[in-house]
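The next block is final_8.csv, given as CSV, C-alpha atoms.
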```csv
chain,number,residue,atom,x,y,z
A,157,MET,CA,-150.3,130.1,6.5
A,158,ILE,CA,-152.4,131.2,3.6
A,159,ASP,CA,-155.6,131.1,5.8
A,160,ARG,CA,-153.8,133.4,8.3
A,161,ILE,CA,-153.2,135.9,5.5
A,162,ALA,CA,-156.8,135.6,4.2
A,163,PHE,CA,-158.1,136.1,7.7
A,164,GLY,CA,-155.9,139.2,8.1
A,165,VAL,CA,-157.2,140.7,4.9
A,166,VAL,CA,-160.8,139.9,5.8
A,167,ALA,CA,-160.5,141.2,9.4
A,168,LEU,CA,-158.8,144.5,8.3
A,169,LEU,CA,-161.4,145.2,5.6
A,170,LEU,CA,-164.3,144.2,8.0
A,171,LEU,CA,-163.2,146.5,10.8
A,172,LEU,CA,-162.2,149.4,8.5
A,173,SER,CA,-165.5,149.4,6.6
A,174,ALA,CA,-167.5,148.9,9.8
A,175,LEU,CA,-165.8,152.0,11.2
A,176,ARG,CA,-166.5,154.0,8.1
A,177,VAL,CA,-170.2,152.9,8.4
A,178,VAL,CA,-170.4,154.5,11.8
A,179,THR,CA,-168.2,157.6,11.1
A,180,SER,CA,-169.2,158.6,7.5
A,181,LYS,CA,-170.8,162.0,7.3
A,182,ASN,CA,-172.7,161.1,4.2
A,183,LEU,CA,-175.6,158.6,4.6
A,184,VAL,CA,-175.2,157.1,1.1
A,185,HIS,CA,-171.5,156.5,1.8
A,186,SER,CA,-172.5,154.8,5.0
A,187,VAL,CA,-174.8,152.4,3.2
A,188,LEU,CA,-172.1,151.6,0.6
A,189,TRP,CA,-169.6,150.9,3.4
A,190,LEU,CA,-172.1,148.7,5.0
A,191,GLY,CA,-172.3,146.8,1.8
A,192,LEU,CA,-168.6,146.2,1.9
A,193,THR,CA,-168.8,145.1,5.5
A,194,LEU,CA,-171.5,142.5,4.7
A,195,VAL,CA,-169.6,141.1,1.7
A,196,THR,CA,-166.5,140.8,3.7
A,197,THR,CA,-168.5,139.0,6.4
A,198,ALA,CA,-169.4,136.5,3.7
A,199,GLY,CA,-165.7,136.1,3.1
A,200,ALA,CA,-165.2,135.3,6.8
A,201,TYR,CA,-168.0,132.7,6.5
A,202,LEU,CA,-166.1,131.1,3.6
A,203,LEU,CA,-162.9,131.0,5.7
A,204,LEU,CA,-165.0,129.1,8.3
A,205,SER,CA,-166.1,126.6,5.7
A,206,ALA,CA,-169.8,127.8,5.6
A,207,PRO,CA,-170.5,128.3,1.9
A,208,PHE,CA,-174.2,128.2,2.2
A,209,ILE,CA,-174.3,130.9,5.0
A,210,ALA,CA,-171.9,133.0,2.9
A,211,SER,CA,-174.2,132.7,-0.2
A,212,ILE,CA,-177.4,133.7,1.7
A,213,GLN,CA,-175.4,136.5,3.3
A,214,ILE,CA,-174.7,137.9,-0.1
A,215,LEU,CA,-178.2,137.2,-1.5
A,216,LEU,CA,-180.2,138.5,1.5
A,217,TYR,CA,-178.0,141.2,2.9
A,218,THR,CA,-176.2,142.7,0.0
A,219,GLY,CA,-179.1,142.0,-2.4
A,220,GLY,CA,-181.9,142.9,-0.1
A,221,VAL,CA,-181.0,144.9,3.0
A,222,ILE,CA,-178.6,147.2,1.2
A,223,THR,CA,-181.2,148.0,-1.4
A,224,LEU,CA,-183.8,148.6,1.3
A,225,MET,CA,-181.4,150.9,3.2
A,226,LEU,CA,-180.6,152.9,0.0
A,227,PHE,CA,-184.3,153.3,-0.6
A,228,GLY,CA,-184.7,154.4,3.0
A,229,VAL,CA,-181.9,157.0,2.6
A,230,MET,CA,-183.3,158.3,-0.7
A,231,LEU,CA,-186.9,158.5,0.7
A,232,THR,CA,-185.9,160.4,3.8
A,233,ARG,CA,-183.6,163.1,2.6
A,234,ARG,CA,-184.4,166.7,1.9
A,235,GLY,CA,-182.3,168.2,-0.8
A,236,GLU,CA,-179.0,169.3,0.5
A,237,ASP,CA,-178.9,168.0,4.0
A,238,ILE,CA,-177.6,164.4,3.4
A,239,ALA,CA,-174.4,165.4,5.1
A,240,ILE,CA,-175.6,164.9,8.6
A,241,PRO,CA,-173.9,166.1,11.7
A,242,ASN,CA,-172.2,163.4,13.8
A,243,GLU,CA,-172.6,164.9,17.2
A,244,SER,CA,-174.2,163.8,20.4
A,245,SER,CA,-174.4,165.3,23.9
A,246,GLU,CA,-173.9,161.8,25.4
A,247,GLY,CA,-170.8,161.1,23.3
A,248,GLY,CA,-168.4,160.5,26.1
A,249,ARG,CA,-170.7,158.3,28.1
A,250,ALA,CA,-171.6,156.3,25.0
A,251,LEU,CA,-168.0,155.8,24.1
A,252,ILE,CA,-167.2,154.6,27.6
A,253,LEU,CA,-170.1,152.2,27.6
A,254,SER,CA,-169.2,150.7,24.3
A,255,LEU,CA,-165.5,150.4,25.2
A,256,ALA,CA,-166.5,148.8,28.5
A,257,THR,CA,-168.7,146.2,26.6
A,258,PHE,CA,-165.8,145.5,24.3
A,259,GLY,CA,-163.4,145.1,27.3
A,260,LEU,CA,-165.9,142.8,29.0
A,261,PHE,CA,-166.1,140.6,25.9
A,262,THR,CA,-162.3,140.6,25.4
A,263,GLY,CA,-161.8,139.7,29.0
A,264,ALA,CA,-164.2,136.8,28.8
A,265,VAL,CA,-162.5,135.6,25.6
A,266,LEU,CA,-159.1,135.8,27.2
A,267,LYS,CA,-160.1,134.0,30.4
A,268,THR,CA,-162.0,131.1,28.8
A,269,PRO,CA,-159.9,128.1,27.8
A,270,LEU,CA,-160.6,127.9,24.1
A,271,PRO,CA,-160.0,124.9,21.8
A,272,GLN,CA,-156.9,125.3,19.8
A,273,GLU,CA,-157.8,122.7,17.2
A,274,ALA,CA,-160.8,122.0,15.1
A,275,PRO,CA,-161.8,118.6,13.7
A,276,PRO,CA,-161.6,118.3,10.0
A,277,PHE,CA,-164.8,119.8,8.7
A,278,THR,CA,-167.3,117.2,7.6
A,279,GLY,CA,-170.5,119.3,7.3
A,280,SER,CA,-172.1,120.1,4.0
A,281,THR,CA,-175.0,122.2,2.7
A,282,ALA,CA,-177.0,119.0,2.4
A,283,GLU,CA,-176.5,118.3,6.1
A,284,LEU,CA,-177.4,121.9,7.0
A,285,GLY,CA,-180.6,121.5,5.0
A,286,ARG,CA,-181.5,118.2,6.8
A,287,GLU,CA,-180.8,119.9,10.1
A,288,ILE,CA,-183.0,122.9,9.3
A,289,LEU,CA,-185.9,120.9,7.8
A,290,GLY,CA,-185.6,118.1,10.3
A,291,PRO,CA,-185.2,118.9,14.0
A,292,ASN,CA,-185.7,122.6,13.4
A,293,LEU,CA,-188.8,122.3,11.1
A,294,MET,CA,-191.1,124.0,13.6
A,295,ALA,CA,-188.8,127.1,14.0
A,296,PHE,CA,-188.5,127.2,10.2
A,297,GLU,CA,-192.3,127.3,9.7
A,298,VAL,CA,-192.7,129.9,12.5
A,299,LEU,CA,-190.0,131.9,10.7
A,300,SER,CA,-192.1,132.0,7.5
A,301,VAL,CA,-195.1,133.2,9.5
A,302,LEU,CA,-192.9,135.9,11.0
A,303,LEU,CA,-191.6,137.0,7.6
A,304,LEU,CA,-195.2,137.3,6.3
A,305,ALA,CA,-196.2,139.3,9.4
A,306,ALA,CA,-193.2,141.6,9.0
A,307,MET,CA,-194.0,142.1,5.3
A,308,VAL,CA,-197.6,143.0,6.0
A,309,GLY,CA,-196.6,145.1,9.0
A,310,ALA,CA,-194.0,147.1,6.9
A,311,ILE,CA,-196.6,147.8,4.2
A,312,VAL,CA,-199.2,148.9,6.8
A,313,ILE,CA,-196.7,151.2,8.7
A,314,ALA,CA,-195.1,152.8,5.6
A,315,ARG,CA,-198.4,153.3,3.7
A,316,ARG,CA,-199.2,156.9,3.0
A,317,ARG,CA,-202.2,158.0,5.0
A,318,ASP,CA,-203.7,160.8,3.0
A,319,PRO,CA,-206.7,162.2,4.9
A,320,GLY,CA,-208.3,163.6,1.8
A,321,SER,CA,-208.6,160.3,0.0
A,322,GLN,CA,-209.5,158.3,3.0
A,323,ARG,CA,-212.4,156.0,2.3
A,324,PRO,CA,-215.1,155.6,4.9
A,325,SER,CA,-215.0,152.4,6.9
A,326,LEU,CA,-216.7,149.3,5.7
A,327,GLY,CA,-219.5,149.6,8.2
A,328,LEU,CA,-220.3,153.2,7.1
A,329,ARG,CA,-220.2,152.2,3.4
A,330,ILE,CA,-222.7,149.3,4.0
A,331,GLU,CA,-225.0,151.6,5.9
A,332,ALA,CA,-224.9,154.2,3.2
A,333,GLU,CA,-225.6,151.5,0.6
A,334,ALA,CA,-228.5,150.2,2.5
A,335,LYS,CA,-229.9,153.7,2.8
A,336,SER,CA,-229.6,154.3,-0.9
A,337,GLN,CA,-231.3,151.0,-1.6
A,338,GLU,CA,-234.2,152.1,0.7
A,339,GLY,CA,-234.5,155.4,-1.1
A,340,LYS,CA,-234.9,153.5,-4.4
A,341,SER,CA,-237.6,151.1,-3.3
B,823,MET,CA,-155.9,120.6,12.4
B,824,GLU,CA,-154.8,123.9,14.0
B,825,PHE,CA,-157.5,126.4,14.2
B,826,ALA,CA,-157.4,129.6,16.4
B,827,ILE,CA,-160.9,130.5,17.3
B,828,GLY,CA,-159.7,133.3,19.5
B,829,ILE,CA,-158.9,135.6,16.6
B,830,TYR,CA,-162.5,135.2,15.3
B,831,LEU,CA,-163.8,135.9,18.8
B,832,ALA,CA,-161.7,139.1,18.9
B,833,LEU,CA,-162.9,140.1,15.5
B,834,ALA,CA,-166.5,139.6,16.4
B,835,SER,CA,-166.2,141.5,19.7
B,836,ALA,CA,-164.5,144.4,17.9
B,837,LEU,CA,-167.3,144.4,15.2
B,838,PHE,CA,-170.0,144.3,18.0
B,839,GLY,CA,-168.2,147.2,19.8
B,840,ILE,CA,-168.2,149.3,16.6
B,841,GLY,CA,-171.9,148.6,16.1
B,842,ALA,CA,-172.6,149.5,19.7
B,843,ILE,CA,-170.7,152.8,19.5
B,844,GLY,CA,-172.6,153.6,16.3
B,845,PHE,CA,-175.9,152.9,17.8
B,846,LEU,CA,-175.2,155.0,20.9
B,847,LEU,CA,-173.3,157.9,19.2
B,848,ARG,CA,-175.3,158.6,16.1
B,849,ARG,CA,-178.7,160.3,16.3
B,850,ASN,CA,-179.7,159.3,12.8
B,851,ALA,CA,-182.2,156.5,12.8
B,852,LEU,CA,-180.9,155.0,9.6
B,853,ILE,CA,-177.3,154.8,10.9
B,854,GLN,CA,-178.7,153.2,14.1
B,855,LEU,CA,-180.4,150.6,12.0
B,856,MET,CA,-177.1,149.9,10.2
B,857,SER,CA,-175.3,149.6,13.5
B,858,ILE,CA,-177.9,147.0,14.6
B,859,GLU,CA,-177.1,145.1,11.4
B,860,LEU,CA,-173.4,145.3,12.3
B,861,MET,CA,-174.0,143.9,15.8
B,862,LEU,CA,-176.1,141.0,14.3
B,863,ASN,CA,-173.3,140.3,11.9
B,864,ALA,CA,-170.8,140.1,14.7
B,865,VAL,CA,-173.0,137.5,16.5
B,866,ASN,CA,-173.3,135.5,13.2
B,867,VAL,CA,-169.6,135.4,12.8
B,868,LEU,CA,-169.3,134.0,16.4
B,869,LEU,CA,-172.0,131.4,15.7
B,870,VAL,CA,-170.3,130.2,12.5
B,871,ALA,CA,-166.9,130.2,14.2
B,872,PHE,CA,-168.1,128.0,17.0
B,873,ASN,CA,-169.8,125.7,14.5
B,874,ARG,CA,-166.4,125.2,12.9
B,875,VAL,CA,-165.1,124.0,16.3
B,876,HIS,CA,-168.1,121.8,17.0
B,877,PRO,CA,-169.3,120.7,13.6
B,878,GLU,CA,-171.3,117.6,14.9
B,879,ASN,CA,-174.8,119.0,14.3
B,880,MET,CA,-174.4,122.2,12.4
B,881,ALA,CA,-176.3,124.1,15.2
B,882,GLY,CA,-174.2,127.2,14.8
B,883,GLN,CA,-174.9,127.5,11.1
B,884,VAL,CA,-178.6,126.8,11.6
B,885,PHE,CA,-178.8,129.6,14.2
B,886,ALA,CA,-176.9,132.0,11.8
B,887,PHE,CA,-179.4,131.1,9.1
B,888,PHE,CA,-182.3,132.1,11.4
B,889,VAL,CA,-180.6,135.2,12.6
B,890,ILE,CA,-180.0,136.4,9.0
B,891,ALA,CA,-183.7,135.8,8.1
B,892,ILE,CA,-184.9,137.6,11.2
B,893,ALA,CA,-182.5,140.5,10.6
B,894,ALA,CA,-184.0,140.9,7.2
B,895,ALA,CA,-187.5,141.1,8.7
B,896,GLU,CA,-186.3,143.6,11.3
B,897,ALA,CA,-184.7,145.8,8.6
B,898,ALA,CA,-187.9,145.9,6.6
B,899,VAL,CA,-190.1,146.9,9.6
B,900,GLY,CA,-187.4,149.3,10.9
B,901,LEU,CA,-187.2,151.1,7.6
B,902,ALA,CA,-191.0,151.3,7.4
B,903,ILE,CA,-191.0,153.0,10.9
B,904,VAL,CA,-188.2,155.4,9.9
B,905,ILE,CA,-190.1,156.4,6.7
B,906,SER,CA,-193.3,156.9,8.8
B,907,LEU,CA,-191.4,159.0,11.3
B,908,PHE,CA,-190.0,161.1,8.4
B,909,ARG,CA,-193.5,161.7,7.2
B,910,LEU,CA,-194.6,162.9,10.5
B,911,LYS,CA,-191.6,165.0,11.5
B,912,GLN,CA,-189.7,165.7,8.3
B,913,THR,CA,-186.5,164.3,9.9
B,914,VAL,CA,-185.0,161.0,10.9
B,915,GLU,CA,-183.2,162.2,14.0
B,916,THR,CA,-184.3,159.9,16.8
B,917,ASP,CA,-184.2,162.9,19.2
B,918,SER,CA,-187.2,164.3,17.4
B,919,ALA,CA,-189.4,161.3,18.3
B,920,ASP,CA,-190.2,162.5,21.8
B,921,GLU,CA,-194.0,162.7,21.8
B,922,LEU,CA,-196.3,159.8,22.5
B,923,ARG,CA,-199.2,161.4,20.6
B,924,TYR,CA,-199.0,163.5,17.6
```
Would you write out, as structure tokens, the structure that this file holds?
Amino acid sequence: MIDRIAFGVVALLLLLSALRVVTSKNLVHSVLWLGLTLVTTAGAYLLLSAPFIASIQILLYTGGVITLMLFGVMLTRRGEDIAIPNESSEGGRALILSLATFGLFTGAVLKTPLPQEAPPFTGSTAELGREILGPNLMAFEVLSVLLLAAMVGAIVIARRRDPGSQRPSLGLRIEAEAKSQEGKS
Amino acid sequence: MEFAIGIYLALASALFGIGAIGFLLRRNALIQLMSIELMLNAVNVLLVAFNRVHPENMAGQVFAFFVIAIAAAEAAVGLAIVISLFRLKQTVETDSADELRY
């Protein structure tokens, strides 16, 4: 009974805050509502007995992604116009498409025979760690390379390219140095 | 032990639907990024819920772990692209990104 109530609270908060993310006129409010959504998702993970996933959800999403998003909002706004219009010429079609997707999912869920019981949960964070670093070690290592590539890529893309201060390429610099050496000798 | 996975599936589909509406309706690149995060979150809820029903090898939680890590990488690169777009066009409306060469 108590888990039903907890699920109700989590689901209500989750859907409400997710809706506010999408409908807020103010970008900063959107980001803060997204923060609430992500924290509430961690609550849902706790209800599903996944404490490790819940904790990395808090650490990575609320700690990292929300901060990043706030930075993004602050860096890309011009004075007064953070209240952005919420209009689209394709609004009707987008709404129909999204509702159709939701209907499709719901139909599939309702048609599939679902288990009504769950075995008592035996998993632990230790078991999860053995699973990640055992059979999934390769994927884990590839993931670390991906994160490195994403980091380097983000820096390269977001770096300010100031044409005035651009240094000549390495080849040109070596040539110029060789010429100056020649001039000295 | 009684456990109704159906309500979690319904919750995840609703969350995914909200994310999809946000992605399609809003023209602001940052809101669209946030909508993508919402959709990824919905899928994570599904994965963890199914892991609860089949807890033999923790595959669902392992997948959720990988999805969270990749979502973080995606957010970083996505924001870099948005900031780069803002530098070029002084706006983050996706409708403004309509030229192949600038």
Smallest atom-to-atom distance to chain B: which of A:Glu333, A:Glu338, A:Glu283, A:Glu273, using all atoms listed in the file?
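Looking only at the distances to chain B, the closest residue turns out to be A:Glu273.
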Within 6 Å of chain B: residues of chain A, using all atoms listed in the file, as a ChimeraX atom specification
/A:178,247,250,254,258,272-274,303,306,310,313-314
Would you work out the distance separating CA of Lys911 in chain B from CA of Val187 in chain A, expressed in Å to one decimal?
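Atom-to-atom, CA of Lys911 in chain B and CA of Val187 in chain A are spaced 22.6 Å apart.
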As a check of understanding: the span from CA of Leu188 in chain A to CA of Leu226 in chain A is 8.6 Å
Separating CA of Thr196 in chain A from CA of Ala167 in chain A, to the nearest tenth of an Å, is a gap of 8.3 Å
Pick from A:Leu192, A:Val308, A:Ala332, A:Ile209: nearest to Ile222 in chain A, with all atoms listed in the file counted?
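Ranked by minimum distance to Ile222 in chain A, first place goes to A:Leu192.
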